[in-house]
$ cat final_22.cif   # mmCIF, C-alpha atoms
data_upload
loop_
_atom_site.label_atom_id
_atom_site.label_comp_id
_atom_site.auth_asym_id
_atom_site.auth_seq_id
_atom_site.Cartn_x
_atom_site.Cartn_y
_atom_site.Cartn_z
CA GLU A 7 71.32 -39.19 16.64
CA PRO A 8 74.36 -41.47 16.17
CA GLY A 9 73.84 -45.02 17.35
CA LEU A 10 77.57 -45.53 18.00
CA TRP A 11 77.77 -44.83 21.71
CA GLY A 12 74.65 -46.79 22.61
CA GLN A 13 75.93 -49.78 20.66
CA ILE A 14 79.34 -49.64 22.34
CA GLU A 15 77.66 -49.37 25.75
CA GLU A 16 75.52 -52.41 24.97
CA TRP A 17 78.50 -54.47 23.87
CA LEU A 18 80.56 -53.32 26.86
CA ASP A 19 77.82 -54.47 29.22
CA GLY A 20 77.73 -57.77 27.34
CA ALA A 21 81.50 -58.22 27.54
CA LEU A 22 81.57 -57.43 31.27
CA ALA A 23 78.81 -59.95 31.86
CA ALA A 24 80.37 -62.64 29.66
CA LYS A 25 80.73 -66.02 31.31
CA PHE A 26 83.34 -68.56 30.27
CA GLU A 27 84.22 -71.81 32.01
CA GLU A 28 86.39 -70.98 35.00
CA GLY A 29 90.05 -71.72 34.31
CA SER A 30 89.45 -72.27 30.59
CA GLU A 31 91.72 -70.78 27.93
CA ASP A 32 88.82 -68.56 26.82
CA ALA A 33 88.39 -67.18 30.35
CA LYS A 34 92.13 -66.54 30.66
CA GLN A 35 92.25 -64.81 27.28
CA VAL A 36 89.39 -62.45 28.13
CA ALA A 37 90.97 -61.63 31.49
CA ARG A 38 94.29 -60.65 29.92
CA MET A 39 92.79 -58.53 27.14
CA THR A 40 92.61 -55.36 29.21
CA ASP A 41 91.87 -53.85 32.60
CA TRP A 42 88.12 -54.24 32.24
CA GLY A 43 87.46 -51.83 35.09
CA ALA A 44 89.06 -49.02 33.07
CA VAL A 45 87.25 -49.54 29.78
CA ARG A 46 84.23 -47.36 30.48
CA ASP A 47 86.47 -44.41 31.39
CA GLU A 48 88.55 -44.91 28.24
CA ILE A 49 85.45 -44.82 26.08
CA GLN A 50 84.13 -41.75 27.87
CA THR A 51 87.44 -39.96 27.26
CA LEU A 52 87.19 -40.75 23.56
CA LYS A 53 83.56 -39.60 23.49
CA GLU A 54 84.56 -36.25 24.95
CA LYS A 55 86.97 -35.71 22.05
CA VAL A 56 84.13 -35.83 19.53
CA GLY A 57 82.83 -32.42 18.47
CA ARG A 58 79.10 -31.73 18.51
CA ASP A 59 79.32 -30.45 14.95
CA TRP A 60 81.12 -33.47 13.50
CA PRO A 61 79.11 -34.55 10.44
CA LEU A 62 76.62 -37.40 10.64
CA GLY A 63 75.21 -39.55 7.88
CA PHE A 64 73.87 -42.98 7.09
CA CYS A 65 76.88 -45.25 7.54
CA ASN A 66 77.63 -48.88 6.74
CA ASN A 67 79.87 -49.21 9.84
CA ASP A 68 81.47 -52.39 8.47
CA LEU A 69 83.38 -51.40 5.35
CA ASN A 70 85.76 -54.31 5.01
CA ALA A 71 86.80 -55.61 1.61
CA PRO A 72 83.98 -58.17 1.09
CA ASN A 73 81.41 -55.40 1.60
CA ILE A 74 82.79 -53.21 -1.20
CA MET A 75 81.99 -54.31 -4.74
CA GLN A 76 83.03 -52.76 -8.06
CA HIS A 77 81.21 -53.38 -11.33
CA VAL A 78 83.72 -54.75 -13.82
CA GLU A 79 82.45 -52.79 -16.82
CA SER A 80 81.20 -49.51 -15.38
CA GLY A 81 83.68 -49.22 -12.52
CA LYS A 82 80.82 -48.18 -10.24
CA VAL A 83 81.43 -49.01 -6.59
CA LEU A 84 78.62 -50.46 -4.48
CA LEU A 85 78.52 -51.01 -0.73
CA ILE A 86 76.70 -54.08 0.58
CA ASP A 87 75.78 -55.72 3.90
CA PHE A 88 74.21 -53.04 6.07
CA GLU A 89 73.66 -55.32 9.07
CA TYR A 90 75.39 -52.77 11.30
CA GLY A 91 74.31 -49.74 9.27
CA GLY A 92 72.62 -46.67 10.68
CA THR A 93 73.08 -43.01 11.54
CA ASN A 94 76.64 -42.42 12.65
CA TYR A 95 79.60 -40.11 12.34
CA ARG A 96 80.98 -39.86 8.82
CA ALA A 97 84.54 -40.07 10.13
CA PHE A 98 83.80 -43.31 11.99
CA ASP A 99 82.84 -45.04 8.76
CA ILE A 100 86.09 -43.85 7.16
CA ALA A 101 88.18 -44.82 10.19
CA ASN A 102 86.60 -48.27 10.27
CA HIS A 103 87.41 -48.78 6.60
CA LEU A 104 91.03 -47.75 7.12
CA ASN A 105 91.39 -50.07 10.12
CA GLU A 106 90.15 -52.87 7.89
CA TYR A 107 93.32 -52.54 5.80
CA ALA A 108 94.89 -54.68 8.55
CA GLY A 109 92.57 -57.59 7.76
CA GLY A 110 91.94 -60.27 10.35
CA THR A 111 88.25 -60.79 9.67
CA GLU A 112 88.95 -64.26 8.27
CA ASP A 113 91.51 -65.63 10.75
CA GLY A 114 91.24 -63.30 13.75
CA HIS A 115 94.77 -61.94 13.34
CA PRO A 116 94.91 -58.41 11.85
CA ASP A 117 98.33 -57.16 10.75
CA TYR A 118 98.60 -53.51 11.75
CA GLN A 119 101.74 -53.04 9.70
CA LEU A 120 99.21 -52.80 6.86
CA PHE A 121 97.42 -49.85 8.47
CA PRO A 122 97.79 -46.89 6.09
CA SER A 123 100.35 -44.15 6.63
CA GLN A 124 99.33 -40.62 7.59
CA ASP A 125 100.13 -39.52 4.02
CA HIS A 126 97.75 -42.16 2.67
CA ILE A 127 95.04 -41.20 5.16
CA ARG A 128 95.37 -37.55 4.19
CA MET A 129 95.21 -38.42 0.50
CA TRP A 130 92.13 -40.60 1.12
CA CYS A 131 90.37 -37.86 3.07
CA GLY A 132 91.22 -35.25 0.45
CA ALA A 133 89.88 -37.44 -2.35
CA TYR A 134 86.73 -38.14 -0.37
CA LEU A 135 86.03 -34.48 0.33
CA SER A 136 86.75 -33.47 -3.26
CA GLU A 137 84.27 -36.04 -4.50
CA TYR A 138 81.72 -35.04 -1.88
CA LEU A 139 81.98 -31.35 -2.67
CA GLY A 140 81.86 -32.01 -6.38
CA THR A 141 78.66 -34.01 -6.21
CA SER A 142 76.93 -31.91 -3.57
CA GLY A 143 77.67 -28.53 -5.12
CA GLY A 144 79.37 -27.28 -1.97
CA PRO A 145 82.39 -24.94 -1.83
CA GLY A 146 85.77 -26.20 -2.93
CA VAL A 147 88.81 -25.43 -5.05
CA THR A 148 87.53 -25.23 -8.61
CA ASP A 149 88.94 -25.39 -12.09
CA GLY A 150 86.60 -24.64 -14.95
CA GLY A 151 83.57 -25.16 -12.75
CA GLY A 152 84.57 -28.60 -11.41
CA VAL A 153 85.91 -29.28 -7.94
CA VAL A 154 89.45 -30.63 -8.10
CA GLY A 155 90.50 -30.32 -4.49
CA ALA A 156 89.15 -29.84 -1.01
CA ASP A 157 90.09 -27.00 1.31
CA GLU A 158 93.24 -27.89 3.27
CA GLY A 159 91.59 -26.94 6.54
CA ASP A 160 88.68 -29.27 5.84
CA VAL A 161 91.10 -32.10 5.07
CA ASP A 162 93.00 -31.42 8.32
CA ALA A 163 89.74 -31.54 10.26
CA LEU A 164 88.62 -34.82 8.71
CA VAL A 165 92.01 -36.45 9.26
CA ALA A 166 91.85 -35.47 12.94
CA GLN A 167 88.32 -36.85 13.28
CA VAL A 168 89.35 -40.10 11.62
CA GLY A 169 92.22 -40.40 14.11
CA VAL A 170 89.82 -40.25 17.05
CA PHE A 171 87.42 -42.75 15.54
CA ALA A 172 90.18 -45.17 14.56
CA ALA A 173 90.67 -45.61 18.31
CA VAL A 174 86.93 -45.83 19.02
CA ASP A 175 86.62 -48.47 16.30
CA HIS A 176 88.98 -50.81 18.16
CA TRP A 177 86.62 -50.83 21.13
CA TYR A 178 83.59 -51.18 18.85
CA TRP A 179 84.80 -54.39 17.24
CA GLY A 180 86.82 -55.64 20.20
CA LEU A 181 83.76 -55.62 22.46
CA TRP A 182 81.62 -57.04 19.66
CA ALA A 183 84.00 -59.98 19.36
CA VAL A 184 83.83 -60.83 23.08
CA CYS A 185 80.03 -60.73 22.93
CA MET A 186 79.97 -62.93 19.83
CA ALA A 187 82.18 -65.49 21.58
CA THR A 188 79.51 -65.85 24.25
CA ILE A 189 76.65 -66.01 21.73
CA GLU A 190 78.13 -68.27 19.06
CA GLY A 191 81.01 -69.89 20.92
CA ASN A 192 84.70 -69.46 20.25
CA GLU A 193 85.47 -72.60 18.28
CA GLY A 194 88.81 -72.18 16.53
CA GLY A 195 89.55 -69.10 18.64
CA PHE A 196 88.46 -66.56 16.03
CA TYR A 197 86.31 -64.22 18.09
CA LEU A 198 88.55 -63.88 21.12
CA ASN A 199 91.72 -63.70 19.03
CA TYR A 200 90.18 -60.90 17.01
CA GLY A 201 88.85 -59.12 20.08
CA GLU A 202 92.20 -59.32 21.82
CA ALA A 203 94.00 -58.00 18.74
CA ARG A 204 91.66 -55.01 18.41
CA ILE A 205 91.84 -54.07 22.08
CA ARG A 206 95.62 -54.53 22.16
CA GLN A 207 95.96 -52.25 19.15
CA TYR A 208 93.97 -49.56 20.95
CA TRP A 209 96.45 -49.59 23.83
CA ASN A 210 99.45 -49.79 21.50
CA THR A 211 98.22 -46.77 19.55
CA LYS A 212 97.54 -44.82 22.72
CA LYS A 213 101.01 -45.56 24.11
CA ALA A 214 102.53 -44.46 20.80
CA GLY A 215 100.79 -41.09 21.12
CA GLY A 216 97.70 -41.72 19.03
CA SER A 217 94.13 -41.03 20.07
#

$ encode --input "final_22.cif" --output "structure tokens"
Amino acid sequence: EPGLWGQIEEWLDGALAAKFEEGSEDAKQVARMTDWGAVRDEIQTLKEKVGRDWPLGFCNNDLNAPNIMQHVESGKVLLIDFEYGGTNYRAFDIANHLNEYAGGTEDGHPDYQLFPSQDHIRMWCGAYLSEYLGTSGGPGVTDGGGVVGADEGDVDALVAQVGVFAAVDHWYWGLWAVCMATIEGNEGGFYLNYGEARIRQYWNTKKAGGS
């Protein structure tokens, strides 16, 4: 069972219950982030887009650059820091990684001009599926017994799933950031700046016709 929705629900409850000094800049910033009364419905709408057969797996759920290491000599890639790891949708882990192209985890200000193009996302998903099929022995386009490409329909499906979860991911980390501001404080503005940026990008993407 994916832990995604329960975690989002927990962080949403935390964000709604968050207390900041009345009239403070932190309180004003949280208030302007979004229509908080509409958030639960937005998340439910996204949840309803997720198919029951969408693949699950053990996911890192936080695949930003510092959590991806490559051995200099062997080239082998290792994932680290599984603080948020657990059973989740495969496409969420991919979507989260692609959202991380925008950065912002150091200064709270992601730049969504760095978010990958649809061509890049499709290439990424195709490469992922080809590697997956090649190592799992599943069906795929073959050449001399080795998988060299994934089925186009499978790539289309994964790209669509990633699109849905790219939107979900903004709520995941946006709500997390508001909760962290109440737990650890918002010195320097990092948490609330990051939370506001993630939630704003959700609405921007939706208005532009995304998920």

$ atom_distance --input "final_22.cif" --atom1 "CA of Gly194 in chain A" --atom2 "CA of His176 in chain A"
21.4 Å

$ resolve_selection --input "final_22.cif" --expression "the PyMOL selection byres ((chain A and resi 23-28) around 12)" --output "list in words"
Glu16, Trp17, Leu18, Asp19, Gly20, Ala21, Leu22, Gly29, Ser30, Glu31, Asp32, Ala33, Lys34, Gln35, Val36, Ala37, Trp42, Leu181, Trp182, Ala183, Val184, Cys185, Met186, Ala187, Thr188, Ile189, Gly191, Asn192 and Leu198 of chain A

$ closest_residue --input "final_22.cif" --among "A:Asp99, A:Glu137, A:Asp125, A:Glu193" --to "Gln167 in chain A" --atoms "only C-alpha atoms"
A:Asp99

$ closest_atom_pairs --input "final_22.cif" --of "range 57-147 of chain A" --to "range 160-166 of chain A" --cutoff "7 Å" --atoms "only C-alpha atoms" --output "tab-separated table"
residue	atom	partner	partner_atom	distance
A:Ala97	CA	A:Leu164	CA	6.8
A:Ile127	CA	A:Val165	CA	7.0
A:Arg128	CA	A:Val165	CA	6.2
A:Cys131	CA	A:Val161	CA	6.1
A:Gly132	CA	A:Val161	CA	5.6

$ residues_around --input "final_22.cif" --residues "Tyr95 in chain A" --least-positions-apart "2" --cutoff "12 Å" --atoms "all atoms listed in the file" --output "PyMOL selection string"
chain A and resi 7-11+53+56-67+91-93+97-102+164+167-168+170-172+174-175

$ resolve_selection --input "final_22.cif" --expression "the PyMOL selection byres ((chain A and resi 211-217) around 7)" --output "PyMOL selection string"
chain A and resi 169-170+173+207-210

$ resolve_selection --input "final_22.cif" --expression "the PyMOL selection byres ((chain A and resi 70) around 12)" --output "VMD selection string"
chain A and resid 66 to 69 71 to 75 85 to 88 99 to 112

$ write_last_selection --input "final_22.cif" --atoms "C-alpha atoms" --output "PDB file, keeping the file's coordinate frame"
ATOM      1  CA  ASN A  66      77.630 -48.880   6.740  1.00  0.00           C
ATOM      2  CA  ASN A  67      79.870 -49.210   9.840  1.00  0.00           C
ATOM      3  CA  ASP A  68      81.470 -52.390   8.470  1.00  0.00           C
ATOM      4  CA  LEU A  69      83.380 -51.400   5.350  1.00  0.00           C
ATOM      5  CA  ALA A  71      86.800 -55.610   1.610  1.00  0.00           C
ATOM      6  CA  PRO A  72      83.980 -58.170   1.090  1.00  0.00           C
ATOM      7  CA  ASN A  73      81.410 -55.400   1.600  1.00  0.00           C
ATOM      8  CA  ILE A  74      82.790 -53.210  -1.200  1.00  0.00           C
ATOM      9  CA  MET A  75      81.990 -54.310  -4.740  1.00  0.00           C
ATOM     10  CA  LEU A  85      78.520 -51.010  -0.730  1.00  0.00           C
ATOM     11  CA  ILE A  86      76.700 -54.080   0.580  1.00  0.00           C
ATOM     12  CA  ASP A  87      75.780 -55.720   3.900  1.00  0.00           C
ATOM     13  CA  PHE A  88      74.210 -53.040   6.070  1.00  0.00           C
ATOM     14  CA  ASP A  99      82.840 -45.040   8.760  1.00  0.00           C
ATOM     15  CA  ILE A 100      86.090 -43.850   7.160  1.00  0.00           C
ATOM     16  CA  ALA A 101      88.180 -44.820  10.190  1.00  0.00           C
ATOM     17  CA  ASN A 102      86.600 -48.270  10.270  1.00  0.00           C
ATOM     18  CA  HIS A 103      87.410 -48.780   6.600  1.00  0.00           C
ATOM     19  CA  LEU A 104      91.030 -47.750   7.120  1.00  0.00           C
ATOM     20  CA  ASN A 105      91.390 -50.070  10.120  1.00  0.00           C
ATOM     21  CA  GLU A 106      90.150 -52.870   7.890  1.00  0.00           C
ATOM     22  CA  TYR A 107      93.320 -52.540   5.800  1.00  0.00           C
ATOM     23  CA  ALA A 108      94.890 -54.680   8.550  1.00  0.00           C
ATOM     24  CA  GLY A 109      92.570 -57.590   7.760  1.00  0.00           C
ATOM     25  CA  GLY A 110      91.940 -60.270  10.350  1.00  0.00           C
ATOM     26  CA  THR A 111      88.250 -60.790   9.670  1.00  0.00           C
ATOM     27  CA  GLU A 112      88.950 -64.260   8.270  1.00  0.00           C
TER      28      GLU A 112
END

$ closest_residue --input "final_22.cif" --among "A:Gly81, A:Gly12, A:Gly180, A:Gly195" --to "Asp113 in chain A" --atoms "all atoms listed in the file"
A:Gly195

$ atom_distance --input "final_22.cif" --atom1 "CA of Leu139 in chain A" --atom2 "CA of Tyr178 in chain A"
29.3 Å

$ atom_distance --input "final_22.cif" --atom1 "CA of Met129 in chain A" --atom2 "CA of Ile49 in chain A"
28.1 Å
